[in-house]
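Participant: Before we start, here is the structure in question, set down as structure tokens.
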There are 2 protein chains.
Amino acid sequence: VSEAAAESLRVPAILERKRDGHSLTRAEIDFLIAGYTTGDVPDYQMAAFAMAVNFSGMSDEETTDLTRAMLHSGSILDLSDLPGPKADKHSTGGVGDKTSLILAPLAAACGVTVPMISGRALAHSGGTLDKLESIPGFRVGLGLDEFRSTLRAHKLCFIGQTVEIAPADKKLYALRDVTATVPVLPLIVASIMGKKLAEGIDALILDVKTGDGAFMQREEDAVTLATRMVAIGKGMGKRVAAVITDMNEPTGRGIGNSLEVEEAISTLRGQGPKDLTDLSVELAAWMLVLTAVQPSLEAARTKIRGAIATGAGLELFRRVIEAQGGDPRVCDDVSRLPHASGRHEIRAESTGFLHRVGCRAAGEASMILGAGRNTVADKVDPSVGIELGRKVGDAVETGDLLATLHYNDRSRLDAALARLKGAFDITAAPVPARALVRRVIE
Amino acid sequence: VSEAAAESLRVPAILERKRDGHSLTRAEIDFLIAGYTTGDVPDYQMAAFAMAVNFSGMSDEETTDLTRAMLHSGSILDLSDLPGPKADKHSTGGVGDKTSLILAPLAAACGVTVPMISGRALAHSGGTLDKLESIPGFRVGLGLDEFRSTLRAHKLCFIGQTVEIAPADKKLYALRDVTATVPVLPLIVASIMGKKLAEGIDALILDVKTGDGAFMQREEDAVTLATRMVAIGKGMGKRVAAVITDMNEPTGRGIGNSLEVEEAISTLRGQGPKDLTDLSVELAAWMLVLTAVQPSLEAARTKIRGAIATGAGLELFRRVIEAQGGDPRVCDDVSRLPHASGRHEIRAESTGFLHRVGCRAAGEASMILGAGRNTVADKVDPSVGIELGRKVGDAVETGDLLATLHYNDRSRLDAALARLKGAFDITAAPVPARALVRRVIE
């Protein structure tokens with residue numbers, strides 16, 4: 001290391017360079033993230049860094065270096081001893097999005113190993129781990145050994161981010177939340193990809209949502225994010241693609257943990273809502289194509305729909321539930337899932353077509369009922385949520401059921417209803433159908 | 001407080017608004033600074049704030065609010081029981097700038113009470129407290145009671161920033177140093193003015209330096225800073241003016257603590273270098289004018305030069321040294337000041353006119369010799385420094401003495417000499433004189 005290089009490896013000098021719009025070297029980024037991981041770089045310097053990146057941005061190369069540094073801040077799973085290709089899906093978060101519970105068993109049933117490391121509910125969007133935990137007995141906190149043996153036995157296992165995986169990301173994620181640096185694109189990219197690339201996968205399909213209920217409300221931002229993530233994944237030798245999908249309406253009908261598990265099961269049985277089924281099939285098909293298990297998207301879709309029709313997907317889900325300590329009988333009898341004590345119906349006040357369901361409002365109302373958390377310490381109520389009676393585009397008559405709120409606490413119901421005020425628009429004119437998949441980034 | 005206002009008083013929301021370029025309300029700024037003072041707002045949120053301000057800036061109104069919040073984070077001295085007007089000077093920092101030691105006794109000798117709260121050496125620039133401490137026995141760490149009684153007896157007292165004065169500034173100043181947020185204009189303004197306005201003064205003259213040895217290298221930045229500070233001081237009912245002065249050459253001939261005290265004493269005796277004498281007289285004259293002790297700058301200059309000629313300034317300095325525990329005999333016999341054991345001379349290698357003395361280089365070389373500190377924990381060597389043999393514009397012959405380095409440590413001497421390489425330019429053509437005071441901002 002030259003004297004000039006050693007000089008630049010002081011954190012204030014690195015911050016100064018990013019503040020002044022310069023590109024950081026890989027050595028500088030490694031130094032910063034390694035120091036942050038050990039605690040040598042304090043939170044206040046990392047907060048200044050995150051805010052500087054908000055304004056100065058990062059080049060593709062810097063973002064790749066940051067992702068790599070996040071990835072290498074912890075262990076990278078080596079699943080090379082497991083036979084066959086491994087793939088995962090990541091979604092940027094939405095409302096009623098239970099596709100993970102459907103596509104993972106379907107892809108596994110079609111020959112792909114799915115080591116799925118998921119998150120919890122955040123803000124108005126749900127979390128796969130919380131949904132799975134509504135299945136009585138289901139354990140997501142497995143150690144890496146059990147994760148590996150479950151994957152070997154069933155080609156699928158669901159766990160949360162362990163302490164070994166990308167610890168720098170864990171710290172930075174919490175810091176961003178309290179320093180107004182959540183919507184900083186290079187930091188989002190590095191956070192998602194740093195975690196996912198640590199999973200030991202060969203391929204990754206990204207579901208980047210856009211619209212009212214998504215984190216990226218504008219489609220161009222979603223495209224930028226997707227493009228960056230795909231480029232970085234490819235740069236690290238993975239097969240990665242992204243679909244930009246519409247999140248202006250909740251996905252399917254159920255919002256809330258046990259309601260979403262119930263809907264996932266009925267979708268695996270072939271009785272799911274069209275939008276949820278189509279999106280799950282599409283994402284699972286991409287996993288088959290990216291891993292070259294199927295030669296084309298067309299062939300892969302057919303294969304996945306076959307795994308619904310034969311019940312192979314549901315059967316695999318049942319076995320994984322059992323392997324992870326859950327009650328597999330929920331797959332045949334959803335009344336074994338927790339249910340809320342109260343029901344409140346929202347009915348249409350006019351006749352016409354359902355033009356809009358406020359997606360963020362629905363997500364927030366579900367959280368208010370208890371399906372999510374305001375702080376990481378909050379406990380989630382698995383049984384509450386919202387069930388939509390109509391989907392956007394449906395014909396509606398006065399008095400028709402628009403939504404059923406499942407609640408346990410009357411005061412929370414009142415607050416949720418207040419949040420839903422104006423969330424349902426009914427118009428006289430029919431509503432043109434909206435494409436679910438807006439774009440594909442390969 | 002309305003619900004909307006209460007909502008906005010969450011730190012992440014305040015950071016978000018500044019990040020997105022909005023102006024903060026007075027309530028938001030007060031909430032942030034009050035929380036930072038108590039420790040409720042952690043360093044990492046303040047670091048994100050400082051970096052956001054670097055990019056988004058602050059309006060005049062916000063800067064005033066920030067200054068007021070800093071000021072009110074601690075005690076504001078009430079000196080109204082002391083008779084007569086009170087004034088102070090603040091300099092943005094330079095090399096060889098010992099004007100405080102000269103103008104303070106001169107202004108006091110001419111009827112202005114000078115409650116001078118000073119700082120220590122920082123980066124390449126010296127600090128008044130360190131210089132005074134080179135006088136054997138001199139104590140700068142007086143309590144507020146002793147400060148007040150010394151002021152009453154002698155119209156002058158020198159102390160450091162106490163824990164009572166602007167504690168939020170103390171914390172933020174240290175944080176900015178390690179988060180690359182030192183050169184952020186609104187933060188500089190609030191830091192300087194928040195401290196100075198806590199001194200209980202009626203008037204303040206600001207010496208805003210520009211050039212190679214100054215913090216603001218570009219004159220337009222110095223003017224912007226000066227304009228902001230003057231406006232804020234006036235907005236708080238003080239009489240404030242700023243002079244923009246040249247810092248492309250060290251002020252006077254001495255750089256280093258005891259060397260500067262020695263030069264201040266000879267200047268008070270009427271034997272100082274022209275640039276140092278002129279600048280000290282000018283700033284002291286402004287203190288007399290701003291406090292209306294003298295009707296015009298012309299009359300004030302005459303009065304101040306009179307205090308040099310009669311020895312009244314030196315006499316007052318002697319009494320204050322004694323009052324603060326120092327050895328007053330240094331005023332008659334500078335050999336009582338600490339002296340370094342080694343001398344090294346730099347001599348001219350050509351004949352012509354001295355065109356340039358690298359000002360920042362000279363400041364840094366003096367610090368390398370031991371006159372300053374790299375961290376707050378470092379101990380300053382009072383005896384080391386640099387004495388210039390020629391000033392810019394002087395005719396020089398080969399072999400003439402350009403500078404004498406006073407050192408105690410041979411290896412530090414070598415490093416200082418390396419830093420001074422190329423710091424002296426000699427040209428064939430005479431050098432046009434440069435105005436010391438570039439502009440006045442009132």
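By convention here, the chains of the structure tokens are called A, B, ... in the order presented, each chain's residues are numbered starting at 1, and ligands are numbered starting at 1 in the order presented.
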Return as a JSON list (two decimals) with N, CA and C atoms, in the first residue's frame the residues belonging to chain B that are within 6 Å of chain A, counting only C-alpha atoms.

Facilitator:
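The resulting file, part-v2.json, is reproduced below:
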[["chain", "number", "residue", "atom", "x", "y", "z"],
["B", 12, "PRO", "N", -36.22, 11.44, 12.76],
["B", 12, "PRO", "CA", -36.12, 10.96, 11.38],
["B", 12, "PRO", "C", -36.92, 11.82, 10.39],
["B", 15, "LEU", "N", -34.90, 14.95, 9.70],
["B", 15, "LEU", "CA", -33.79, 14.62, 8.80],
["B", 15, "LEU", "C", -34.29, 14.45, 7.37],
["B", 16, "GLU", "N", -35.44, 13.81, 7.24],
["B", 16, "GLU", "CA", -36.03, 13.58, 5.93],
["B", 16, "GLU", "C", -36.34, 14.91, 5.24],
["B", 43, "ASP", "N", -25.49, 10.81, 18.38],
["B", 43, "ASP", "CA", -24.52, 11.34, 17.41],
["B", 43, "ASP", "C", -24.84, 10.94, 15.98],
["B", 44, "TYR", "N", -25.34, 9.70, 15.79],
["B", 44, "TYR", "CA", -25.52, 9.27, 14.41],
["B", 44, "TYR", "C", -26.63, 10.04, 13.71],
["B", 45, "GLN", "N", -27.65, 10.47, 14.46],
["B", 45, "GLN", "CA", -28.69, 11.29, 13.81],
["B", 45, "GLN", "C", -28.14, 12.69, 13.53],
["B", 47, "ALA", "N", -25.04, 13.42, 12.90],
["B", 47, "ALA", "CA", -24.10, 13.30, 11.78],
["B", 47, "ALA", "C", -24.86, 13.29, 10.46],
["B", 48, "ALA", "N", -25.98, 12.57, 10.42],
["B", 48, "ALA", "CA", -26.81, 12.56, 9.21],
["B", 48, "ALA", "C", -27.35, 13.96, 8.93],
["B", 51, "MET", "N", -24.54, 16.20, 7.49],
["B", 51, "MET", "CA", -24.26, 15.88, 6.10],
["B", 51, "MET", "C", -25.41, 16.34, 5.19],
["B", 178, "VAL", "N", -14.95, 14.56, 12.63],
["B", 178, "VAL", "CA", -14.74, 13.15, 12.24],
["B", 178, "VAL", "C", -15.80, 12.65, 11.26],
["B", 179, "THR", "N", -16.66, 13.55, 10.77],
["B", 179, "THR", "CA", -17.69, 13.13, 9.82],
["B", 179, "THR", "C", -17.66, 13.95, 8.53],
["B", 180, "ALA", "N", -16.52, 14.59, 8.27],
["B", 180, "ALA", "CA", -16.35, 15.36, 7.03],
["B", 180, "ALA", "C", -17.40, 16.45, 6.87]]

Participant: What's around Glu298 (chain A) at 10 Å? Count only C-alpha atoms, leave out sequence neighbours fewer than 4 positions away in its own chain, and write the answer as a PyMOL selection string.

Facilitator: chain A and resi 282+285-286+289+294+302-303

Participant: Write the residues you've just listed into a file as a PDB file, in the first residue's frame, and include N, CA and C atoms for each of them.

Facilitator:
ATOM      1  N   GLU A 282     -45.444 -17.205 -12.756  1.00  0.00           N
ATOM      2  CA  GLU A 282     -44.441 -16.493 -13.546  1.00  0.00           C
ATOM      3  C   GLU A 282     -43.087 -16.490 -12.848  1.00  0.00           C
ATOM      4  N   ALA A 285     -41.611 -19.961 -12.709  1.00  0.00           N
ATOM      5  CA  ALA A 285     -41.141 -20.339 -14.045  1.00  0.00           C
ATOM      6  C   ALA A 285     -39.768 -19.724 -14.323  1.00  0.00           C
ATOM      7  N   TRP A 286     -39.579 -18.478 -13.919  1.00  0.00           N
ATOM      8  CA  TRP A 286     -38.274 -17.817 -14.090  1.00  0.00           C
ATOM      9  C   TRP A 286     -37.180 -18.574 -13.329  1.00  0.00           C
ATOM     10  N   VAL A 289     -36.198 -21.405 -15.453  1.00  0.00           N
ATOM     11  CA  VAL A 289     -35.470 -21.004 -16.656  1.00  0.00           C
ATOM     12  C   VAL A 289     -34.055 -20.545 -16.309  1.00  0.00           C
ATOM     13  N   GLN A 294     -35.614 -25.794 -17.116  1.00  0.00           N
ATOM     14  CA  GLN A 294     -36.516 -25.797 -18.255  1.00  0.00           C
ATOM     15  C   GLN A 294     -35.920 -24.905 -19.334  1.00  0.00           C
ATOM     16  N   THR A 302     -45.723 -24.132 -18.078  1.00  0.00           N
ATOM     17  CA  THR A 302     -46.500 -25.368 -18.205  1.00  0.00           C
ATOM     18  C   THR A 302     -46.145 -26.346 -17.079  1.00  0.00           C
ATOM     19  N   LYS A 303     -44.862 -26.455 -16.837  1.00  0.00           N
ATOM     20  CA  LYS A 303     -44.359 -27.358 -15.802  1.00  0.00           C
ATOM     21  C   LYS A 303     -44.891 -26.938 -14.417  1.00  0.00           C
TER      22      LYS A 303
END

Participant: Where does DSSP see strand (DSSP E) in region 42-145 of chain A, if you list the residues as an NGL selection string?

Facilitator: :A and (87-91 or 114-118)

Participant: Neighbours of Ala241 (chain B) within 6 Å (only C-alpha atoms; same-chain residues fewer than 2 positions away dropped), as a ChimeraX atom specification?

Facilitator: /B:205,230,441-442

Participant: Could you work out how far CA of Leu206 (chain B) lies from CA of Glu322 (chain B), giving the answer in Å with one decimal?

Facilitator: 28.0 Å

Participant: So which one's closest to Gly137 (chain B), B:Ile321, B:Leu101, B:Val293, B:Leu316? Using only C-alpha atoms, please.

Facilitator: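 The closest residue to Gly137 (chain B) is B:Ile321.
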
Participant: What lies within 9 Å of Leu405 (chain B) using only C-alpha atoms, ignoring chain neighbours under 6 positions off, as a list in words?

Facilitator: Gly342, Arg343, His344, Glu345, Ile346, Ser366, Leu369, Val384, Gly385, Ile386, Glu387, Leu388, Leu413, Ala416 and Leu417 of chain B

Participant: Next, the residues of the selection above should be written as a short mmCIF file (atom, residue, chain, number, x, y, z; two decimals), in the first residue's frame with all heavy atoms.

Facilitator:
data_model
loop_
_atom_site.label_atom_id
_atom_site.label_comp_id
_atom_site.auth_asym_id
_atom_site.auth_seq_id
_atom_site.Cartn_x
_atom_site.Cartn_y
_atom_site.Cartn_z
N GLY B 342 17.12 24.00 19.80
CA GLY B 342 17.78 23.98 18.49
C GLY B 342 17.31 25.09 17.57
O GLY B 342 16.19 25.59 17.68
N ARG B 343 18.20 25.52 16.67
CA ARG B 343 17.87 26.52 15.64
C ARG B 343 18.32 25.98 14.29
O ARG B 343 19.41 25.44 14.16
CB ARG B 343 18.65 27.83 15.87
CG ARG B 343 18.40 28.56 17.17
CD ARG B 343 17.17 29.45 17.10
NE ARG B 343 17.07 30.28 18.29
CZ ARG B 343 16.72 29.81 19.50
NH1 ARG B 343 16.49 28.53 19.66
NH2 ARG B 343 16.66 30.62 20.53
N HIS B 344 17.50 26.16 13.30
CA HIS B 344 17.91 25.80 11.95
C HIS B 344 17.51 26.95 11.02
O HIS B 344 16.36 27.39 11.05
CB HIS B 344 17.25 24.50 11.50
CG HIS B 344 17.63 24.11 10.10
ND1 HIS B 344 18.67 23.25 9.81
CD2 HIS B 344 17.11 24.50 8.90
CE1 HIS B 344 18.77 23.13 8.51
NE2 HIS B 344 17.85 23.87 7.93
N GLU B 345 18.44 27.39 10.20
CA GLU B 345 18.15 28.54 9.34
C GLU B 345 17.91 28.10 7.89
O GLU B 345 18.61 27.23 7.37
CB GLU B 345 19.32 29.52 9.39
CG GLU B 345 19.50 30.11 10.80
CD GLU B 345 20.68 31.07 10.89
OE1 GLU B 345 21.53 31.09 9.96
OE2 GLU B 345 20.75 31.81 11.90
N ILE B 346 16.93 28.74 7.28
CA ILE B 346 16.71 28.57 5.84
C ILE B 346 17.15 29.86 5.17
O ILE B 346 16.68 30.94 5.55
CB ILE B 346 15.21 28.28 5.54
CG1 ILE B 346 14.77 26.98 6.20
CG2 ILE B 346 14.98 28.23 4.03
CD1 ILE B 346 13.30 26.65 6.01
N SER B 366 5.09 24.40 11.42
CA SER B 366 5.15 24.79 12.83
C SER B 366 4.45 23.74 13.71
O SER B 366 4.94 23.38 14.78
CB SER B 366 4.51 26.17 12.99
OG SER B 366 4.39 26.50 14.35
N LEU B 369 6.60 20.76 14.11
CA LEU B 369 7.66 20.99 15.11
C LEU B 369 7.14 20.77 16.53
O LEU B 369 7.92 20.58 17.46
CB LEU B 369 8.22 22.41 14.96
CG LEU B 369 9.08 22.66 13.71
CD1 LEU B 369 9.40 24.16 13.58
CD2 LEU B 369 10.37 21.84 13.78
N VAL B 384 8.56 25.82 20.40
CA VAL B 384 8.97 25.61 19.01
C VAL B 384 8.18 26.48 18.03
O VAL B 384 7.13 27.03 18.38
CB VAL B 384 8.81 24.13 18.60
CG1 VAL B 384 9.73 23.25 19.44
CG2 VAL B 384 7.36 23.69 18.74
N GLY B 385 8.71 26.60 16.82
CA GLY B 385 7.99 27.34 15.79
C GLY B 385 8.93 27.89 14.74
O GLY B 385 10.07 27.43 14.61
N ILE B 386 8.45 28.86 14.01
CA ILE B 386 9.19 29.41 12.87
C ILE B 386 9.22 30.94 13.00
O ILE B 386 8.20 31.56 13.33
CB ILE B 386 8.50 29.02 11.55
CG1 ILE B 386 8.46 27.48 11.41
CG2 ILE B 386 9.23 29.65 10.35
CD1 ILE B 386 7.62 26.98 10.27
N GLU B 387 10.37 31.52 12.73
CA GLU B 387 10.51 32.97 12.72
C GLU B 387 10.91 33.36 11.31
O GLU B 387 11.94 32.88 10.80
CB GLU B 387 11.61 33.36 13.71
CG GLU B 387 11.39 34.66 14.41
CD GLU B 387 12.47 34.86 15.50
OE1 GLU B 387 13.24 33.91 15.77
OE2 GLU B 387 12.53 35.97 16.04
N LEU B 388 10.11 34.20 10.69
CA LEU B 388 10.40 34.57 9.31
C LEU B 388 11.42 35.70 9.29
O LEU B 388 11.27 36.70 10.01
CB LEU B 388 9.12 35.01 8.60
CG LEU B 388 8.03 33.94 8.50
CD1 LEU B 388 6.74 34.53 7.92
CD2 LEU B 388 8.51 32.76 7.64
N LEU B 413 12.23 18.27 13.08
CA LEU B 413 12.83 19.30 12.23
C LEU B 413 12.88 18.82 10.78
O LEU B 413 12.50 19.55 9.85
CB LEU B 413 14.24 19.64 12.71
CG LEU B 413 15.03 20.58 11.77
CD1 LEU B 413 14.38 21.97 11.71
CD2 LEU B 413 16.50 20.70 12.20
N ALA B 416 9.52 18.93 9.26
CA ALA B 416 9.08 20.31 9.02
C ALA B 416 9.78 20.89 7.80
O ALA B 416 9.16 21.58 6.98
CB ALA B 416 9.35 21.16 10.27
N LEU B 417 11.07 20.61 7.67
CA LEU B 417 11.82 21.11 6.50
C LEU B 417 11.27 20.52 5.21
O LEU B 417 11.16 21.20 4.19
CB LEU B 417 13.32 20.77 6.65
CG LEU B 417 14.08 21.62 7.68
CD1 LEU B 417 15.49 21.08 7.90
CD2 LEU B 417 14.13 23.09 7.25
#

Participant: Tell me, in Å to one decimal, how far CA of Asp333 (chain B) is from CA of Ile102 (chain B).

Facilitator: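 These atoms are spaced 17.1 Å apart.
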